Each structure stands twice: as structure tokens, then as C-alpha cells.
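Scroll down for the structure; my scribbles are underneath it.
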Amino acid sequence: VQLQASGGGLVQAGGSLRLSCAASGRSFSSYTVAWFRQPPGKEREFVGSIGWSGGNTDYSNSVKGRFTISRDNAKKTAYLQMNSLKPEDTAVYYCAAQKLGALLFGYWGQGTLVTVSS
């Protein structure tokens, strides 16, 4: 599967932004999809994930309650809705996919930059 993230941009603190992760290839619905981010000068960190059916979601403590991950398997797209954005959310955001039964997220999209101004 190939992934393409989009939707990044500049937003003021307190604002919202929605990122999309469009997949190509077959069997998108059998992959767990996750979002990661890499703030400037820092290591990449886990943001959240969603299971193949959309029923299981997991979030890092830093975004819980503000970010929501969803997916539309018919459109082969996953989303990251980001609300109440903070300057510390500034990062390059990546989507990744984990094939059912795999240990790692083996498929990655290019990053999309989110900048939150104070």
C-alpha cells in the first residue's frame, strides 16, 4: 500500500485542522493506520492509531481529547482531526500503515507540515 498525507498548513493556536492519509493499493481495510509526528529538532513520536474496522483507537496522552482519528475504508482514506491546537503541536505529521499480523508499521507516507502560531 502507498500512502499520501495532506492537509497541513499554518493555523493559530486554538484552531483546528484536518489531515488526510490517502492510500492506494488493495486491502487498505486490513491495515491499522497510525499518525506520527516529528517536532522541529526532536524525534518522531506516536500520535494515535485506528484499527482496521475503525472501532479501536489509541492516542498519546498529549493529544487525547483534542485529536480524533477516523477512517473511511471505501475511500481508502484515514483522517486526523486536530482541535484546540497548541504551538507544541507544530511538527511534520506522517501517516503509517501496519499490515494485519505485522509487528511494525511498514508503510509510510511523506510528511505534511503543521505549524501552530501563538
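How things are named: the first chain in the C-alpha cells is A, the next is B, and so on; residues count from 1 in each chain; ligands count from 1 in the order shown.
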For this session: Could you give me, as number ranges by chain, the residues within 7 Å of segment 93-104 of chain A, counting only C-alpha atoms and dropping anything in the same chain fewer than 6 positions from it?
Result: A: 5, 21, 30-38, 110-113
So that I have them on file, write out the residues from the current selection with N, CA and C atoms, as a PDB file, in the first residue's frame.
ATOM      1  N   ALA A   5      -0.040  11.713   2.687  1.00  0.00           N
ATOM      2  CA  ALA A   5      -0.629  12.597   3.689  1.00  0.00           C
ATOM      3  C   ALA A   5      -0.780  13.997   3.114  1.00  0.00           C
ATOM      4  N   CYS A  21      -4.986  10.980   4.942  1.00  0.00           N
ATOM      5  CA  CYS A  21      -3.988   9.994   4.524  1.00  0.00           C
ATOM      6  C   CYS A  21      -4.660   9.102   3.492  1.00  0.00           C
ATOM      7  N   SER A  30      -7.581  -3.814   5.723  1.00  0.00           N
ATOM      8  CA  SER A  30      -6.951  -4.788   6.610  1.00  0.00           C
ATOM      9  C   SER A  30      -5.729  -4.226   7.320  1.00  0.00           C
ATOM     10  N   TYR A  31      -5.473  -2.941   7.169  1.00  0.00           N
ATOM     11  CA  TYR A  31      -4.322  -2.303   7.791  1.00  0.00           C
ATOM     12  C   TYR A  31      -4.739  -1.448   8.980  1.00  0.00           C
ATOM     13  N   THR A  32      -3.955  -1.494  10.022  1.00  0.00           N
ATOM     14  CA  THR A  32      -4.039  -0.484  11.072  1.00  0.00           C
ATOM     15  C   THR A  32      -3.312   0.759  10.564  1.00  0.00           C
ATOM     16  N   VAL A  33      -3.906   1.912  10.794  1.00  0.00           N
ATOM     17  CA  VAL A  33      -3.301   3.176  10.362  1.00  0.00           C
ATOM     18  C   VAL A  33      -2.956   4.005  11.590  1.00  0.00           C
ATOM     19  N   ALA A  34      -1.810   4.599  11.562  1.00  0.00           N
ATOM     20  CA  ALA A  34      -1.366   5.444  12.671  1.00  0.00           C
ATOM     21  C   ALA A  34      -0.856   6.774  12.149  1.00  0.00           C
ATOM     22  N   TRP A  35      -0.878   7.731  13.037  1.00  0.00           N
ATOM     23  CA  TRP A  35      -0.272   9.031  12.776  1.00  0.00           C
ATOM     24  C   TRP A  35       0.893   9.206  13.736  1.00  0.00           C
ATOM     25  N   PHE A  36       1.985   9.706  13.203  1.00  0.00           N
ATOM     26  CA  PHE A  36       3.158  10.062  13.975  1.00  0.00           C
ATOM     27  C   PHE A  36       3.492  11.518  13.660  1.00  0.00           C
ATOM     28  N   ARG A  37       4.302  12.116  14.491  1.00  0.00           N
ATOM     29  CA  ARG A  37       4.739  13.481  14.197  1.00  0.00           C
ATOM     30  C   ARG A  37       6.171  13.675  14.659  1.00  0.00           C
ATOM     31  N   GLN A  38       6.843  14.598  14.020  1.00  0.00           N
ATOM     32  CA  GLN A  38       8.214  14.922  14.384  1.00  0.00           C
ATOM     33  C   GLN A  38       8.327  16.423  14.549  1.00  0.00           C
ATOM     34  N   GLN A 110       4.641  10.432   2.927  1.00  0.00           N
ATOM     35  CA  GLN A 110       5.505  11.585   3.123  1.00  0.00           C
ATOM     36  C   GLN A 110       4.854  12.476   4.172  1.00  0.00           C
ATOM     37  N   GLY A 111       5.591  13.282   4.820  1.00  0.00           N
ATOM     38  CA  GLY A 111       5.054  14.115   5.885  1.00  0.00           C
ATOM     39  C   GLY A 111       4.317  15.335   5.366  1.00  0.00           C
ATOM     40  N   THR A 112       3.489  15.868   6.216  1.00  0.00           N
ATOM     41  CA  THR A 112       2.826  17.136   5.937  1.00  0.00           C
ATOM     42  C   THR A 112       3.042  18.043   7.141  1.00  0.00           C
ATOM     43  N   LEU A 113       3.456  19.269   6.878  1.00  0.00           N
ATOM     44  CA  LEU A 113       3.858  20.169   7.953  1.00  0.00           C
ATOM     45  C   LEU A 113       2.664  20.908   8.539  1.00  0.00           C
TER      46      LEU A 113
END
For this session: Enumerate, as number ranges by chain, the complete set of residues in chain A that a backbone-based DSSP assignment places in strand (DSSP E or B).
Result: A: 2-6, 9-12, 17-24, 31-38, 45-50, 57-59, 67-72, 77-82, 91-99, 107-108, 110, 112-117
For this session: Choose the residue, out of A:Val92, A:Lys76, A:Asn83, A:Gly106, that has the smallest atom-to-atom separation from Val11 of chain A; count only C-alpha atoms.
Result: A:Asn83
Problem set entry | Who sits within 7 Å of Arg66 of chain A, only C-alpha atoms, same chain under 3 positions skipped, as number ranges by chain | A: 63, 82-84
Dump of N, CA, C and O atoms for the selected residues, as a compact mmCIF listing (two decimals), in the first residue's frame:
# COMPACT_ATOMS: atom_id res chain seq x y z
N VAL A 63 -2.30 14.32 23.10
CA VAL A 63 -3.33 14.74 22.15
C VAL A 63 -4.72 14.21 22.52
O VAL A 63 -5.72 14.60 21.91
N MET A 82 -7.69 17.56 14.19
CA MET A 82 -6.95 18.19 15.28
C MET A 82 -7.66 19.45 15.73
O MET A 82 -7.82 20.38 14.93
N ASN A 83 -8.09 19.48 16.96
CA ASN A 83 -8.78 20.63 17.53
C ASN A 83 -7.97 21.21 18.67
O ASN A 83 -7.08 20.55 19.21
N SER A 84 -8.29 22.42 19.05
CA SER A 84 -7.61 23.09 20.16
C SER A 84 -6.10 22.99 20.01
O SER A 84 -5.37 22.63 20.95
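For Ser118 of chain A, the set of protein, DNA and RNA residues having any atom at most 7 Å away, when counting only C-alpha atoms and skipping those fewer than 4 positions along the same chain, is Gln12, Ala13 and Pro87 of chain A.
Restricting the calculation to only C-alpha atoms, the smallest distance between Gly55 of chain A and any of A:Lys86, A:Tyr107, A:Arg71, A:Arg26 is found for A:Arg71.
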For this session: Find, counting only C-alpha atoms, the residue in A:Ser24, A:Leu80, A:Asn73, A:Asp89 that gets nearest to Glu45 of chain A.
Result: A:Asp89
Exercise. Hey, what's within 7 Å of Ile69 of chain A if we count only C-alpha atoms and toss same-chain stuff fewer than 2 positions away? As a PyMOL selection string, please?
Worked result: chain A and resi 49-50+67+79-81
Problem set entry | Selected residue of minimal separation from Ala22 of chain A among A:Leu10, A:Trp108, A:Lys42, A:Ser62, counting only C-alpha atoms | A:Trp108
Exercise. Which neighbours of Ala23 of chain A fall inside 9 Å, counting only C-alpha atoms, when residues of the same chain fewer than 4 positions from it are skipped, and could you give them as a PyMOL selection string?
Worked result: chain A and resi 1-5+28+75-78+109
Exercise. Just asking: which residues within segment 23-114 of chain A are helix (DSSP H, G or I) according to DSSP, as a ChimeraX atom specification?
Worked result: /A:28-30,87-89
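If you measure from each of A:Phe105, A:Thr115, A:Ala74, A:Phe46 to Ser27 of chain A using only C-alpha atoms, the closest one turns out to be A:Ala74.
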Seminar exercise, completed: As a check of understanding: the span from atom CA of Gly51 of chain A to atom CA of Leu19 of chain A is 17.5 Å
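Separating atom CA of Lys64 of chain A from atom CA of Ser20 of chain A is a distance of 18.5 Å.
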